[in-house]
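For reference, the structure is listed below as structure tokens.
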Amino acid sequence: AAVRSRAEVDATLQTAKLNPAELLPAVHCLSFGPQAGGGECCLLQLEPGLCAELEAGRSLVIRGEKDEHAVLCSKDKTYDMKIADTSNMLLFVPGCKTPEELNADQASCNIIHSQIAGFSKNYWELRRCRPKLRKLRKLLMEDPYEGPDSQKDQASTFSKYTTEDLLSLIQASEEEILHQLQVIDACKIEGYWRILDFDYEIKLLNHVTQLIDSESWPLSKVPLCACLEELGSLEPREMIEHILLSYGRKYVDDGEVFFEMYEDKICRAIAQMLLQNAVKFNLSEFEEVWQQSVPEGMTTRLDQLQGLALVDKSSRPETIFLLKVEDLPEDNQERFNSLFGIREKWTEVDITPYIQDLCAEKQTVGALLTKYARSSMLNGVKVYNSRRPIS
Amino acid sequence: LSPSAGTGALAQWVLLELQGEVEPRQSGQLAGSLLGDLHYTCEGVPVLIVGHHILYGKVVQLEKPFAVLVKQGGASQPGPAGPHGRYTVTALIKTKLLFKTRPKPIITHVPKKV
């Protein structure tokens with residue numbers, strides 16, 4: 001197509017009865033570039049902070065397999081992607097100057113030939129969402145690590161996952177993934193992320209707690225070196241260190257490494273070990289056995305079991321059973337359906353540990369309950385039940 | 001799967017928002033065809049002359065800027081089905097020229113009275 005000349009532009013202005021004196025001298029002659037109709041360009045509306053990240057040279061990644069809704073991940077956040085339609089046509093023009101830019105640059109050309117790079121009637125909208133991390137645990141649980149003596153590992157045909165593998169499979173940002181790996185006490189064995197089989201984990205924990213007991217170490221000052229020395233013949237050193245890291249806070253005192261053991265976490269693990277062997281337990285019997293099973297100097301409390309076990313105060317005698325929040329559905333509605341299927345009416349205190357993780361940024365448990373449950377009074381106490389009839 | 005910033009500073013483009021459809025004058029090739037002339041008044045009001053229409057608009061600083069993503073790998077399977085694929089961020093858009101006023105037709109043929 002022929003390039004427009006100044007004369008042609010002026011002729012058009014005259015026909016349009018526009019006064020050149022009222023216009024800035026520069027004109028943009030817009031035409032469609034060679035790729036314009038191709039549909040290869042699309043627009044992504046940026047949430048606050050993302051623009052700055054791109055300008056700083058950082059990447060954004062779109063993650064999701066064909067059967068998943070795509071999400072966009074920055075270094076540390078995850079966003080749902082949704083198409084927004086406008087009724088207007090959006091054209092994107094490189095090299096198009098604003099009036100300020102034209103005024104600032106007095107030497108600018110009289111005619112600027114701009115090529116429209118593409119156009120669209122829609123764009124991608126972003127909405128911050130909870131990272132989809134359930135899959136992470138699910139993948140690692142395909143093949144839990146049972147220890148070096150396990151026959152299973154040598155002959156294993158299950159997939160094992162490196163950091164790179166996880167980054168491509170999990171719909172979350174890298175930081176969120178790495179943080180979650182830490183939360184679930186995953187460890188890297190031979191380059192692959194592994195979760196410990198629970199029985200093996202308890203075995204390792206018992207080695208440590210028995211050693212603490214026989215050496216009469218204070219629970220707040222367990223020496224790493226001595227542990228490795230004493231237990232190194234029983235289990236791999238990396239595993240001993242891993243269990244200490246999982247169940248204690250590492251610190252250095254006078255050049256030596258020590259661990260301050262997490263009493264709550266240890267009591268909780270032992271409770272899980274006891275509870276997983278039966279459907280439910282007589283509460284007072286359980287509490288007795290539990291206290292006897294934990295290391296000397298530790299005190300068991302029911303609130304250590306939030307999100308792990310549930311007490312049934314309506315049964316006579318009172319009972320307790322294992323209910324792990326990680327085993328419940330990730331989707332909000334499904335989670336509530338599942339909880340109301342287990343128990344018809346919940347107090348806020350009882351249900352909170354099982355819905356806390358559903359809260360989006362700045363959302364409260366109260367807001368979730370308002371949305372997904374209906375409240376009523378039972379014996380003077382406020383309880384929540386399902387909004388829909390349970391079939 | 002990743003839109004990643006290219007080396008060097010990202011280009012800044014401008015968005016033009018128009019009502020209606022974009023259609024080639026001659027049916028067929030859009031590429032290479034002219035859209036129109038974009039002027040600004042001395043007060044900074046954008047004026048777009050498209051065919052026989054004059055469109056007046058305004059310059060809007062976008063509260064939420066856009067990133068322009070270009071799909072890599074040739075095969076164009078655009079949009080809504082799913083953004084799966086490789087993308088590069090080609091440019092950022094922080095400004096748009098919004099043309100919402102009804103276009104004023106340009107009367108070019110005034111029959112002469114005999």
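As shown in the structure tokens, the chain order sets the letters A, B, ...; within each chain, residues go from 1, and ligands are also counted from 1 in the order they appear.
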- Item | Spatial neighbours of range 55-60 of chain B, 12 Å, only C-alpha atoms, chain gap at least 5 places, as a ChimeraX atom specification | /A:16,18,97-100 /B:14-19,36-41,43-50,65,93-106
Distance limit 8 Å, atoms considered: only C-alpha atoms. Which chain A residues sit that close to chain B? Return them as a short mmCIF file (atom, residue, chain, number, x, y, z; two decimals) with C-alpha atoms, in the first residue's frame.
```cif
data_model
loop_
_atom_site.label_atom_id
_atom_site.label_comp_id
_atom_site.auth_asym_id
_atom_site.auth_seq_id
_atom_site.Cartn_x
_atom_site.Cartn_y
_atom_site.Cartn_z
CA ALA A 1 0.00 0.00 0.00
CA VAL A 9 -2.99 14.22 5.09
CA THR A 15 -12.23 17.71 3.55
CA ALA A 16 -12.96 17.02 7.19
CA GLU A 22 -5.93 23.85 16.21
CA LEU A 23 -3.94 20.65 15.85
CA LEU A 24 -0.46 19.60 16.84
CA ALA A 26 2.54 15.73 13.97
CA VAL A 27 0.13 13.16 12.56
CA HIS A 28 0.12 9.40 12.92
CA CYS A 29 -0.83 7.56 9.77
CA LEU A 30 -2.18 4.28 11.03
CA SER A 31 -2.14 1.15 8.96
CA PHE A 32 -2.38 -2.51 9.75
CA GLY A 33 0.92 -4.25 10.13
CA PRO A 34 1.70 -7.52 8.39
CA GLN A 35 0.85 -9.69 11.42
CA ALA A 36 -2.18 -7.71 12.48
CA GLY A 37 -4.91 -10.14 11.55
CA GLY A 38 -3.04 -13.19 12.71
CA GLY A 39 -4.42 -13.35 16.23
CA GLU A 40 -1.07 -14.21 17.68
CA CYS A 41 -1.05 -11.21 20.00
CA CYS A 42 -3.27 -11.07 23.01
CA LEU A 43 -3.71 -8.68 25.90
CA LEU A 44 -3.20 -9.48 29.55
CA GLN A 45 -4.50 -7.03 32.12
CA LEU A 46 -1.94 -6.68 34.91
CA GLU A 47 -2.71 -6.61 38.59
CA PRO A 48 -0.78 -4.14 40.76
CA CYS A 51 3.83 -4.41 35.73
CA LEU A 54 7.92 -7.26 34.16
CA GLU A 55 9.77 -3.98 33.89
CA GLY A 57 12.94 -8.12 33.87
CA ARG A 58 11.22 -10.86 35.81
CA SER A 59 9.13 -13.55 34.18
CA LEU A 60 5.56 -14.50 34.54
CA VAL A 61 4.55 -18.06 33.84
CA ILE A 62 1.27 -19.56 32.72
CA ARG A 63 0.76 -22.96 34.26
CA GLY A 64 -1.82 -25.63 33.82
CA GLU A 65 -2.31 -28.86 31.99
CA LYS A 66 -4.97 -29.22 29.34
CA HIS A 69 -7.88 -23.89 34.31
CA ALA A 70 -4.78 -21.91 33.54
CA ILE A 83 -11.31 -13.90 29.48
CA SER A 87 -17.92 -4.58 23.16
CA ASN A 88 -15.19 -2.39 21.74
CA MET A 89 -12.29 -3.04 19.46
CA LEU A 90 -8.88 -2.74 21.03
CA LEU A 91 -6.00 -1.99 18.70
CA PHE A 92 -2.43 -2.09 19.89
CA VAL A 93 -0.08 0.37 18.33
CA PRO A 94 3.68 0.40 18.78
CA GLY A 95 5.46 3.68 18.51
CA CYS A 96 2.34 5.77 18.95
CA LYS A 97 3.03 8.97 20.81
CA THR A 98 0.82 10.77 23.29
CA PRO A 99 0.32 14.53 23.13
CA GLU A 100 2.75 14.99 26.05
#
```
- Task: Apply DSSP to the structure's backbone, then extract all residues of range 4-36 of chain A labelled strand (DSSP E) and return them as an NGL selection string.
- Result: :A and (27-32)
For N, CA and C atoms, I'd like the residues from the last selection saved as an mmCIF file, in the first residue's frame.
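Contents of again25.cif, freshly written:
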```cif
data_model
loop_
_atom_site.group_PDB
_atom_site.id
_atom_site.type_symbol
_atom_site.label_atom_id
_atom_site.label_comp_id
_atom_site.auth_asym_id
_atom_site.auth_seq_id
_atom_site.Cartn_x
_atom_site.Cartn_y
_atom_site.Cartn_z
ATOM 1 N N VAL A 27 1.270 14.049 12.802
ATOM 2 C CA VAL A 27 0.126 13.161 12.560
ATOM 3 C C VAL A 27 0.622 11.724 12.522
ATOM 4 N N HIS A 28 -0.191 10.826 13.039
ATOM 5 C CA HIS A 28 0.118 9.398 12.921
ATOM 6 C C HIS A 28 -0.729 8.820 11.803
ATOM 7 N N CYS A 29 -0.073 8.258 10.802
ATOM 8 C CA CYS A 29 -0.832 7.564 9.770
ATOM 9 C C CYS A 29 -0.865 6.093 10.158
ATOM 10 N N LEU A 30 -2.052 5.635 10.491
ATOM 11 C CA LEU A 30 -2.182 4.279 11.030
ATOM 12 C C LEU A 30 -2.549 3.291 9.933
ATOM 13 N N SER A 31 -1.788 2.221 9.888
ATOM 14 C CA SER A 31 -2.139 1.152 8.956
ATOM 15 C C SER A 31 -1.962 -0.169 9.700
ATOM 16 N N PHE A 32 -2.495 -1.204 9.109
ATOM 17 C CA PHE A 32 -2.385 -2.508 9.750
ATOM 18 C C PHE A 32 -1.072 -3.166 9.362
#
```
- Task: Write out as a VMD selection string all residues of range 148-274 of chain A that backbone DSSP assigns to helix (DSSP H, G or I).
- Result: chain A and resid 151 to 154 163 to 169 174 to 183 198 to 215 224 to 231 237 to 247 263 to 274
- Task: Extract, using only C-alpha atoms, all DNA, RNA and protein residues at most 12 Å from range 375-378 of chain A, discarding same-chain residues fewer than 6 positions from it, and format them as a count of residues only.
- Result: 11
- Item | Residue contacts of Val252 in chain A (12 Å, only C-alpha atoms) excluding same-chain residues fewer than 4 positions away, as a PyMOL selection string | chain A and resi 221-225+256-260
Expected file: the selected residues, all heavy atoms, as a JSON list (two decimals), in the first residue's frame:
```
[["chain", "number", "residue", "atom", "x", "y", "z"],
["A", 221, "LYS", "N", 17.56, -28.09, 73.94],
["A", 221, "LYS", "CA", 18.97, -28.06, 73.52],
["A", 221, "LYS", "C", 19.45, -29.47, 73.17],
["A", 221, "LYS", "O", 20.19, -30.13, 73.93],
["A", 221, "LYS", "CB", 19.82, -27.48, 74.66],
["A", 221, "LYS", "CG", 21.14, -26.93, 74.17],
["A", 221, "LYS", "CD", 21.79, -26.01, 75.19],
["A", 221, "LYS", "CE", 23.09, -25.42, 74.62],
["A", 221, "LYS", "NZ", 23.75, -24.51, 75.54],
["A", 222, "VAL", "N", 19.06, -29.91, 71.96],
["A", 222, "VAL", "CA", 19.45, -31.24, 71.50],
["A", 222, "VAL", "C", 20.60, -31.09, 70.51],
["A", 222, "VAL", "O", 20.45, -30.45, 69.48],
["A", 222, "VAL", "CB", 18.24, -31.93, 70.82],
["A", 222, "VAL", "CG1", 18.64, -33.26, 70.21],
["A", 222, "VAL", "CG2", 17.11, -32.11, 71.83],
["A", 223, "PRO", "N", 21.77, -31.66, 70.83],
["A", 223, "PRO", "CA", 22.93, -31.43, 69.97],
["A", 223, "PRO", "C", 22.91, -32.28, 68.69],
["A", 223, "PRO", "O", 22.72, -33.50, 68.75],
["A", 223, "PRO", "CB", 24.10, -31.85, 70.87],
["A", 223, "PRO", "CG", 23.52, -32.79, 71.86],
["A", 223, "PRO", "CD", 22.06, -32.50, 71.99],
["A", 224, "LEU", "N", 23.15, -31.64, 67.56],
["A", 224, "LEU", "CA", 23.11, -32.33, 66.27],
["A", 224, "LEU", "C", 24.22, -33.39, 66.17],
["A", 224, "LEU", "O", 23.96, -34.54, 65.82],
["A", 224, "LEU", "CB", 23.24, -31.32, 65.12],
["A", 224, "LEU", "CG", 23.41, -31.92, 63.71],
["A", 224, "LEU", "CD1", 22.19, -32.72, 63.31],
["A", 224, "LEU", "CD2", 23.68, -30.81, 62.69],
["A", 225, "CYS", "N", 25.42, -32.97, 66.49],
["A", 225, "CYS", "CA", 26.56, -33.88, 66.33],
["A", 225, "CYS", "C", 26.40, -35.18, 67.09],
["A", 225, "CYS", "O", 26.64, -36.26, 66.55],
["A", 225, "CYS", "CB", 27.85, -33.20, 66.80],
["A", 225, "CYS", "SG", 28.51, -32.13, 65.55],
["A", 256, "GLU", "N", 28.23, -24.49, 68.02],
["A", 256, "GLU", "CA", 27.67, -25.84, 67.85],
["A", 256, "GLU", "C", 26.20, -25.76, 67.45],
["A", 256, "GLU", "O", 25.50, -24.82, 67.85],
["A", 256, "GLU", "CB", 27.77, -26.58, 69.19],
["A", 256, "GLU", "CG", 28.64, -27.83, 69.14],
["A", 256, "GLU", "CD", 28.34, -28.74, 70.32],
["A", 256, "GLU", "OE1", 28.83, -28.40, 71.43],
["A", 256, "GLU", "OE2", 27.62, -29.74, 70.16],
["A", 257, "VAL", "N", 25.74, -26.76, 66.70],
["A", 257, "VAL", "CA", 24.35, -26.75, 66.24],
["A", 257, "VAL", "C", 23.46, -27.52, 67.20],
["A", 257, "VAL", "O", 23.75, -28.66, 67.56],
["A", 257, "VAL", "CB", 24.24, -27.38, 64.83],
["A", 257, "VAL", "CG1", 22.79, -27.44, 64.38],
["A", 257, "VAL", "CG2", 25.07, -26.58, 63.83],
["A", 258, "PHE", "N", 22.35, -26.87, 67.59],
["A", 258, "PHE", "CA", 21.38, -27.52, 68.48],
["A", 258, "PHE", "C", 19.98, -27.41, 67.91],
["A", 258, "PHE", "O", 19.72, -26.64, 66.98],
["A", 258, "PHE", "CB", 21.37, -26.84, 69.86],
["A", 258, "PHE", "CG", 22.65, -27.01, 70.61],
["A", 258, "PHE", "CD1", 23.63, -26.03, 70.57],
["A", 258, "PHE", "CD2", 22.87, -28.15, 71.38],
["A", 258, "PHE", "CE1", 24.81, -26.17, 71.27],
["A", 258, "PHE", "CE2", 24.05, -28.30, 72.09],
["A", 258, "PHE", "CZ", 25.04, -27.32, 72.03],
["A", 259, "PHE", "N", 19.06, -28.17, 68.46],
["A", 259, "PHE", "CA", 17.66, -28.08, 68.08],
["A", 259, "PHE", "C", 16.80, -27.87, 69.31],
["A", 259, "PHE", "O", 17.00, -28.52, 70.34],
["A", 259, "PHE", "CB", 17.20, -29.36, 67.37],
["A", 259, "PHE", "CG", 17.77, -29.49, 65.98],
["A", 259, "PHE", "CD1", 19.00, -30.12, 65.79],
["A", 259, "PHE", "CD2", 17.10, -28.96, 64.90],
["A", 259, "PHE", "CE1", 19.55, -30.21, 64.51],
["A", 259, "PHE", "CE2", 17.65, -29.06, 63.61],
["A", 259, "PHE", "CZ", 18.87, -29.68, 63.42],
["A", 260, "GLU", "N", 15.84, -26.93, 69.16],
["A", 260, "GLU", "CA", 14.82, -26.76, 70.20],
["A", 260, "GLU", "C", 13.61, -27.53, 69.70],
["A", 260, "GLU", "O", 13.01, -27.17, 68.69],
["A", 260, "GLU", "CB", 14.49, -25.27, 70.34],
["A", 260, "GLU", "CG", 13.45, -25.00, 71.41],
["A", 260, "GLU", "CD", 12.98, -23.55, 71.41],
["A", 260, "GLU", "OE1", 13.47, -22.75, 70.56],
["A", 260, "GLU", "OE2", 12.12, -23.21, 72.23]]
```
Please list as a compact mmCIF listing (two decimals) with N, CA and C atoms, in the first residue's frame every residue within 7 Å of range 185-199 of chain A, counting only C-alpha atoms and excluding residues in the same chain fewer than 3 positions away.
```
# COMPACT_ATOMS: atom_id res chain seq x y z
N LEU A 140 3.72 -36.33 45.65
CA LEU A 140 4.77 -36.89 46.49
C LEU A 140 4.30 -38.11 47.26
N MET A 141 2.98 -38.19 47.48
CA MET A 141 2.44 -39.35 48.20
C MET A 141 2.32 -40.58 47.30
N PRO A 144 5.94 -42.56 48.80
CA PRO A 144 6.61 -42.06 50.00
C PRO A 144 7.89 -42.83 50.27
N TYR A 145 8.84 -42.15 50.86
CA TYR A 145 10.13 -42.77 51.13
C TYR A 145 10.05 -43.59 52.40
N GLU A 146 10.38 -44.86 52.28
CA GLU A 146 10.25 -45.75 53.44
C GLU A 146 11.58 -46.06 54.09
N LYS A 160 9.30 -40.01 40.16
CA LYS A 160 9.88 -39.21 41.22
C LYS A 160 10.03 -37.80 40.64
N TYR A 161 9.96 -36.81 41.49
CA TYR A 161 9.88 -35.44 40.99
C TYR A 161 11.02 -34.55 41.46
N THR A 162 11.63 -33.89 40.47
CA THR A 162 12.65 -32.89 40.80
C THR A 162 11.95 -31.56 40.98
N LEU A 181 6.71 -27.13 50.23
CA LEU A 181 7.58 -28.30 50.42
C LEU A 181 8.13 -28.32 51.84
N GLN A 182 8.45 -27.13 52.32
CA GLN A 182 8.97 -27.02 53.67
C GLN A 182 7.87 -27.32 54.69
N ILE A 202 7.88 -41.90 62.03
CA ILE A 202 7.73 -42.16 63.46
C ILE A 202 8.93 -42.94 63.99
N LYS A 203 9.41 -43.85 63.17
CA LYS A 203 10.58 -44.65 63.57
C LYS A 203 11.79 -43.72 63.82
N SER A 246 12.66 -31.23 60.90
CA SER A 246 11.20 -31.24 60.80
C SER A 246 10.53 -31.00 62.15
```
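Excluding Ile355 in chain A itself and same-chain residues fewer than 5 positions from it, the residues having an atom within 10 Å of it are A:Gly307, A:Val325, A:Leu328, A:Glu330, A:Asn332, A:Arg335, A:Phe336, A:Leu339, A:Asp350, A:Thr364, A:Val365, A:Leu368, A:Leu369, counting only C-alpha atoms.
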Write the residues of the selection above to a file with all heavy atoms, as a compact mmCIF listing (two decimals), in the first residue's frame.
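And here is the file that came out, again_25.txt:
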```txt
# COMPACT_ATOMS: atom_id res chain seq x y z
N GLY A 307 -7.23 -29.79 63.19
CA GLY A 307 -7.03 -30.14 61.79
C GLY A 307 -6.55 -31.57 61.62
O GLY A 307 -6.30 -32.01 60.50
N VAL A 325 -7.24 -32.54 57.73
CA VAL A 325 -7.70 -31.54 56.77
C VAL A 325 -7.10 -31.77 55.38
O VAL A 325 -7.73 -31.50 54.37
CB VAL A 325 -7.44 -30.11 57.30
CG1 VAL A 325 -5.94 -29.82 57.43
CG2 VAL A 325 -8.09 -29.07 56.44
N LEU A 328 -9.22 -33.72 52.97
CA LEU A 328 -10.51 -33.17 52.55
C LEU A 328 -10.36 -32.43 51.23
O LEU A 328 -9.27 -32.01 50.87
CB LEU A 328 -11.05 -32.23 53.63
CG LEU A 328 -11.34 -32.89 54.98
CD1 LEU A 328 -11.70 -31.83 56.01
CD2 LEU A 328 -12.45 -33.92 54.86
N GLU A 330 -10.18 -29.79 48.11
CA GLU A 330 -9.54 -28.48 48.03
C GLU A 330 -10.55 -27.38 47.66
O GLU A 330 -10.41 -26.24 48.07
CB GLU A 330 -8.45 -28.54 46.94
CG GLU A 330 -7.52 -27.33 46.95
CD GLU A 330 -6.33 -27.50 46.00
OE1 GLU A 330 -6.38 -28.37 45.13
OE2 GLU A 330 -5.36 -26.74 46.15
N ASN A 332 -13.78 -25.10 47.69
CA ASN A 332 -14.57 -24.60 48.82
C ASN A 332 -15.89 -25.34 49.04
O ASN A 332 -16.17 -25.84 50.12
CB ASN A 332 -14.88 -23.10 48.64
CG ASN A 332 -13.65 -22.25 48.85
OD1 ASN A 332 -12.54 -22.74 48.87
ND2 ASN A 332 -13.86 -20.96 49.00
N ARG A 335 -15.47 -28.89 49.98
CA ARG A 335 -14.97 -29.02 51.35
C ARG A 335 -16.12 -28.93 52.35
O ARG A 335 -16.25 -29.75 53.25
CB ARG A 335 -13.96 -27.92 51.64
CG ARG A 335 -13.49 -27.82 53.11
CD ARG A 335 -12.44 -28.85 53.44
NE ARG A 335 -11.27 -28.66 52.63
CZ ARG A 335 -10.22 -27.91 52.98
NH1 ARG A 335 -10.21 -27.28 54.13
NH2 ARG A 335 -9.18 -27.80 52.17
N PHE A 336 -16.99 -27.94 52.17
CA PHE A 336 -18.12 -27.78 53.08
C PHE A 336 -19.08 -28.97 52.99
O PHE A 336 -19.60 -29.45 53.99
CB PHE A 336 -18.84 -26.45 52.82
CG PHE A 336 -18.23 -25.30 53.56
CD1 PHE A 336 -17.25 -24.52 52.96
CD2 PHE A 336 -18.61 -25.02 54.86
CE1 PHE A 336 -16.67 -23.46 53.65
CE2 PHE A 336 -18.02 -23.95 55.57
CZ PHE A 336 -17.05 -23.18 54.96
N LEU A 339 -17.56 -31.75 54.95
CA LEU A 339 -17.63 -31.54 56.40
C LEU A 339 -19.04 -31.75 56.93
O LEU A 339 -19.25 -32.37 57.97
CB LEU A 339 -17.13 -30.14 56.76
CG LEU A 339 -15.63 -29.92 56.62
CD1 LEU A 339 -15.29 -28.44 56.78
CD2 LEU A 339 -14.85 -30.74 57.63
N ASP A 350 -14.96 -25.75 66.33
CA ASP A 350 -14.64 -27.06 65.76
C ASP A 350 -14.34 -27.00 64.27
O ASP A 350 -13.48 -27.72 63.77
CB ASP A 350 -15.80 -28.05 65.99
CG ASP A 350 -15.81 -28.63 67.39
OD1 ASP A 350 -14.82 -28.42 68.12
OD2 ASP A 350 -16.80 -29.29 67.75
N THR A 364 -11.94 -13.81 55.95
CA THR A 364 -11.99 -14.42 57.27
C THR A 364 -12.80 -15.70 57.25
O THR A 364 -13.61 -15.94 56.34
CB THR A 364 -12.64 -13.48 58.29
OG1 THR A 364 -13.99 -13.24 57.87
CG2 THR A 364 -11.89 -12.18 58.43
N VAL A 365 -12.63 -16.51 58.30
CA VAL A 365 -13.41 -17.73 58.46
C VAL A 365 -14.89 -17.37 58.54
O VAL A 365 -15.74 -18.03 57.97
CB VAL A 365 -12.95 -18.49 59.72
CG1 VAL A 365 -13.97 -19.51 60.15
CG2 VAL A 365 -11.61 -19.15 59.49
N LEU A 368 -16.39 -16.94 55.16
CA LEU A 368 -16.61 -18.24 54.52
C LEU A 368 -17.88 -18.89 55.06
O LEU A 368 -18.68 -19.43 54.30
CB LEU A 368 -15.44 -19.18 54.80
CG LEU A 368 -14.19 -19.07 53.94
CD1 LEU A 368 -13.11 -19.98 54.48
CD2 LEU A 368 -14.48 -19.40 52.49
N LEU A 369 -18.04 -18.83 56.38
CA LEU A 369 -19.22 -19.45 56.99
C LEU A 369 -20.49 -18.78 56.52
O LEU A 369 -21.50 -19.43 56.26
CB LEU A 369 -19.11 -19.40 58.52
CG LEU A 369 -18.09 -20.38 59.11
CD1 LEU A 369 -17.83 -20.08 60.59
CD2 LEU A 369 -18.57 -21.81 58.95
```
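One distance worth recording is that between CA of Leu167 in chain A and CA of Lys77 in chain A, which is 13.3 Å.
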